[in-house]
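Notes for the one structure printed next.
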Amino acid sequence: MRNTTTLILGFLVVVSLAVIGAMNHQLGISKKEADQAPIITETPTEQVAGVVHNPPSLDDVPDGPLGEAILRGYELTNDTSTVLRSEASSVEDGMARVNELSCTSCHAGAGMDEEVSSLVGMASVYPMYIGRSGQIVTLEERINGCMVRSMNGQKFAEDDEDLDAMVAYLTYISQGIPVGAELPWRHQSDMKDVPVPNIADGEVLYQQSCIACHADNGTGTGSNTGPALWGDGSFNDGAGIARMSKMAGYIQNNMPIGAAGTLTDQEASDLAAFILSQERPEWKNHDKDWPAGDRPSDIMNKEKRDQIKDGTIDWNEVLGKN
Ligand code: HEC
Ligand code: HEC
């Protein structure tokens with residue numbers, strides 16, 4: 001009996017050693033591949049299957065008018081509110097022009113952070129059909145869509161040089177990405193099956209994990225250090241992130257900074273519901289969105305905020321569980 005056990009154990013050891021050996025061999029191969037990596041990154045689209053997130057450095061923008069436009073576009077994307085408000089003719093005009101956020105508030109690193117709603121490749125995928133608009137949308141129109149919703153401000157005029165600058169910047173960081181490519185980093189912050197939230201739990205968690213950067217009243221500490229999550233300085237309820245699925249997905253993938261990915265689906269849903277139950281600017285054109293149908297049920301507009309207050313909200317209906 002003892003001998004049999006020893007035999008079996010011995011056999012297992014041999015098998016394990018063989019497996020480890022095989023793994024080492026595999027590692028050896030990938031090590032070799034890793035050694036060749038610099039060659040691969042130089043011409044990513046030719047040698048690697050699929051597209052690579054590898055935006056060029058801002059140090060390499062060309063001299064002259066195009067380079068200037070790209071850098072202006074970067075400033076506008078990274079520090080939207082500061083730039084546009086400081087150049088407005090009056091404080092009131094500046095506040096009407098744009099809220100307190102920047103594109104970086106949601107698209108980290110001016111859209112160059114692969115993990116946080118990256119904007120790399122946008123110049124290669126637009127124009128495209130958008131259900132919310134019910135039509136083909138150009139990159140210019142998509143930027144303006146964020147200006148009036150996420151930025152709760154005004155559109156750039158069609159001939160505004162700042163709009164050209166933003167397109168120049170987004171085109172620059174899309175370099176090397178083929179037209180119409182599938183971008184693996186796209187649409188990552190969308191929770192498919194959002195659990196029914198508990199807002200009181202969300203508030204407790206918010207006080208524990210979020211106020212250091214976003215302040216206890218949600219007004220934030222700065223567009224790129226902890227942007228406004230609700231109130232006058234934040235996005236309006238026509239923004240994509242005003243939907244439970246997008247907010248819960250974004251929080252779970254990216255927050256709290258430094259510990260991203262640690263919140264459960266339930267916690268992310270609780271936090272999203274708490275944040276989206278707070279007052280924020282209203283989007284006036286909800287009735288014009290989704291003209292071809294398929295309007296999502298999880299847009300947290302004024303009607304839903306009021307239902308939360310008077311306790312009549314039907315979360316199963318909002319979250320499409322019926
Ligand atoms: C409050 C958050 C927020 C802010 C601020 C914001 N966006 Fe967005 N943006 C989003 C969300 C959410 C989406 C939808 C992402 C998705 O569909 O997965 C989006 C989508 C986009 C898209 C389309 C992405 C795609 O894959 O089709 C572009 C382009 C874009 N934003 C540009 C901008 C620009 C430029 C600014 C600044 C002027 C800006 N955004 C500010 C949240 C924001
Ligand atoms: C260490 C600071 C820090 C902490 C803690 C933190 N955030 Fe953020 N948050 C940021 C920054 C900075 C951004 C801008 C995007 C980026 O840089 O990734 C952001 C962006 C956001 C956004 C999108 C922008 C907006 O205005 O809506 C949401 C939503 C958000 N955070 C929610 C949360 C929640 C919920 C928590 C707590 C679980 C949290 N954050 C904790 C710093 C922080």
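Going by the structure tokens order, chains are called A, B, ..., each with residues numbered from 1, while ligands are numbered from 1 in the order shown.
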
Can you list every residue of chain A that has an atom at most 8 Å from ligand 1, with its nearest atom pair and the distance in Å to one decimal, using only C-alpha atoms and all ligand atoms, ordered by chain then number, as JSON lines?
{"residue": "A:Leu76", "atom": "CA", "partner": "ligand 1", "partner_atom_place_in_ligand_line": "38 (C)", "distance": 7.5}
{"residue": "A:Thr77", "atom": "CA", "partner": "ligand 1", "partner_atom_place_in_ligand_line": "37 (C)", "distance": 5.6}
{"residue": "A:Thr80", "atom": "CA", "partner": "ligand 1", "partner_atom_place_in_ligand_line": "38 (C)", "distance": 6.5}
{"residue": "A:Leu101", "atom": "CA", "partner": "ligand 1", "partner_atom_place_in_ligand_line": "5 (C)", "distance": 5.5}
{"residue": "A:Ser102", "atom": "CA", "partner": "ligand 1", "partner_atom_place_in_ligand_line": "5 (C)", "distance": 5.4}
{"residue": "A:Cys103", "atom": "CA", "partner": "ligand 1", "partner_atom_place_in_ligand_line": "37 (C)", "distance": 3.4}
{"residue": "A:Thr104", "atom": "CA", "partner": "ligand 1", "partner_atom_place_in_ligand_line": "5 (C)", "distance": 6.7}
{"residue": "A:Ser105", "atom": "CA", "partner": "ligand 1", "partner_atom_place_in_ligand_line": "5 (C)", "distance": 5.2}
{"residue": "A:Cys106", "atom": "CA", "partner": "ligand 1", "partner_atom_place_in_ligand_line": "2 (C)", "distance": 4.4}
{"residue": "A:His107", "atom": "CA", "partner": "ligand 1", "partner_atom_place_in_ligand_line": "7 (N)", "distance": 6.3}
{"residue": "A:Ser117", "atom": "CA", "partner": "ligand 1", "partner_atom_place_in_ligand_line": "15 (C)", "distance": 6.4}
{"residue": "A:Ser118", "atom": "CA", "partner": "ligand 1", "partner_atom_place_in_ligand_line": "26 (O)", "distance": 7.8}
{"residue": "A:Leu119", "atom": "CA", "partner": "ligand 1", "partner_atom_place_in_ligand_line": "29 (C)", "distance": 6.1}
{"residue": "A:Met122", "atom": "CA", "partner": "ligand 1", "partner_atom_place_in_ligand_line": "29 (C)", "distance": 5.9}
{"residue": "A:Val125", "atom": "CA", "partner": "ligand 1", "partner_atom_place_in_ligand_line": "27 (O)", "distance": 7.6}
{"residue": "A:Tyr126", "atom": "CA", "partner": "ligand 1", "partner_atom_place_in_ligand_line": "27 (O)", "distance": 7.7}
{"residue": "A:Leu139", "atom": "CA", "partner": "ligand 1", "partner_atom_place_in_ligand_line": "29 (C)", "distance": 6.4}
{"residue": "A:Arg142", "atom": "CA", "partner": "ligand 1", "partner_atom_place_in_ligand_line": "29 (C)", "distance": 5.5}
{"residue": "A:Ile143", "atom": "CA", "partner": "ligand 1", "partner_atom_place_in_ligand_line": "35 (C)", "distance": 4.6}
{"residue": "A:Asn144", "atom": "CA", "partner": "ligand 1", "partner_atom_place_in_ligand_line": "38 (C)", "distance": 7.2}
{"residue": "A:Gly145", "atom": "CA", "partner": "ligand 1", "partner_atom_place_in_ligand_line": "30 (C)", "distance": 8.0}
{"residue": "A:Cys146", "atom": "CA", "partner": "ligand 1", "partner_atom_place_in_ligand_line": "39 (C)", "distance": 4.9}
{"residue": "A:Met147", "atom": "CA", "partner": "ligand 1", "partner_atom_place_in_ligand_line": "38 (C)", "distance": 5.1}
{"residue": "A:Ser150", "atom": "CA", "partner": "ligand 1", "partner_atom_place_in_ligand_line": "1 (C)", "distance": 4.6}
{"residue": "A:Met151", "atom": "CA", "partner": "ligand 1", "partner_atom_place_in_ligand_line": "5 (C)", "distance": 5.5}
{"residue": "A:Met166", "atom": "CA", "partner": "ligand 1", "partner_atom_place_in_ligand_line": "35 (C)", "distance": 7.1}
{"residue": "A:Arg186", "atom": "CA", "partner": "ligand 1", "partner_atom_place_in_ligand_line": "26 (O)", "distance": 5.3}
{"residue": "A:His187", "atom": "CA", "partner": "ligand 1", "partner_atom_place_in_ligand_line": "18 (O)", "distance": 3.3}
{"residue": "A:Gln188", "atom": "CA", "partner": "ligand 1", "partner_atom_place_in_ligand_line": "18 (O)", "distance": 6.0}
{"residue": "A:Ser189", "atom": "CA", "partner": "ligand 1", "partner_atom_place_in_ligand_line": "18 (O)", "distance": 5.7}
{"residue": "A:Asp190", "atom": "CA", "partner": "ligand 1", "partner_atom_place_in_ligand_line": "18 (O)", "distance": 6.3}
{"residue": "A:Leu229", "atom": "CA", "partner": "ligand 1", "partner_atom_place_in_ligand_line": "1 (C)", "distance": 8.0}
{"residue": "A:Ser234", "atom": "CA", "partner": "ligand 1", "partner_atom_place_in_ligand_line": "1 (C)", "distance": 7.1}
{"residue": "A:Phe235", "atom": "CA", "partner": "ligand 1", "partner_atom_place_in_ligand_line": "1 (C)", "distance": 5.3}
{"residue": "A:Ala239", "atom": "CA", "partner": "ligand 1", "partner_atom_place_in_ligand_line": "1 (C)", "distance": 6.9}
{"residue": "A:Gly240", "atom": "CA", "partner": "ligand 1", "partner_atom_place_in_ligand_line": "12 (C)", "distance": 4.5}
{"residue": "A:Ile241", "atom": "CA", "partner": "ligand 1", "partner_atom_place_in_ligand_line": "12 (C)", "distance": 4.3}
{"residue": "A:Ala242", "atom": "CA", "partner": "ligand 1", "partner_atom_place_in_ligand_line": "12 (C)", "distance": 7.9}
{"residue": "A:Lys246", "atom": "CA", "partner": "ligand 1", "partner_atom_place_in_ligand_line": "12 (C)", "distance": 6.0}
{"residue": "A:Met247", "atom": "CA", "partner": "ligand 1", "partner_atom_place_in_ligand_line": "12 (C)", "distance": 7.4}
{"residue": "A:Tyr250", "atom": "CA", "partner": "ligand 1", "partner_atom_place_in_ligand_line": "12 (C)", "distance": 7.7}

Hey, which residues sit close to ligand 2? Say within 8 Å, counting only C-alpha atoms and all ligand atoms, and write them as a count of residues only.
42

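Of the residues listed (A:Ala123, A:Leu58, A:Ala165, A:Val52), A:Ala165 shows the shortest atom-to-atom separation from Arg72 of chain A; distances use only C-alpha atoms.
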
Leaving out segment 167-177 of chain A and any residue of its chain fewer than 4 positions from it, which residues lie within 6 Å of it when counting only C-alpha atoms, given as a PyMOL selection string?
chain A and resi 55+70+73-74+120-121+123

Residues of the last selection are to be written out with C-alpha atoms, as a compact mmCIF listing (two decimals), in the first residue's frame.
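Final output, again_26.txt:
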# COMPACT_ATOMS: atom_id res chain seq x y z
CA PRO A 55 -0.26 56.85 -30.15
CA ILE A 70 -2.34 69.45 -32.94
CA GLY A 73 -6.14 70.43 -29.89
CA TYR A 74 -4.29 68.61 -27.14
CA VAL A 120 -7.04 56.66 -29.99
CA GLY A 121 -8.33 55.60 -33.41
CA ALA A 123 -10.28 59.53 -36.65

Taking the DSSP assignment computed from this structure's backbone, write out as an NGL selection string all residues of segment 39-270 of chain A that belong to helix (DSSP H, G or I).
:A and (39-42 or 44-47 or 58-60 or 65-78 or 80-86 or 91-97 or 103-105 or 108-111 or 122-125 or 139-148 or 161-172 or 199-209 or 211-214 or 240-242 or 244-254 or 265-270)

Near-Arg280 of chain A list (6 Å; only C-alpha atoms; drop same-chain fewer than 3 positions) as an NGL selection string
:A and (230-232 or 236)

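With atom CA of Pro291 of chain A on one side and atom CA of Arg132 of chain A on the other, the separation reads 7.2 Å.
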
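When atom CA of Pro195 of chain A is paired with atom CA of Lys288 of chain A, their separation reads 28.8 Å.
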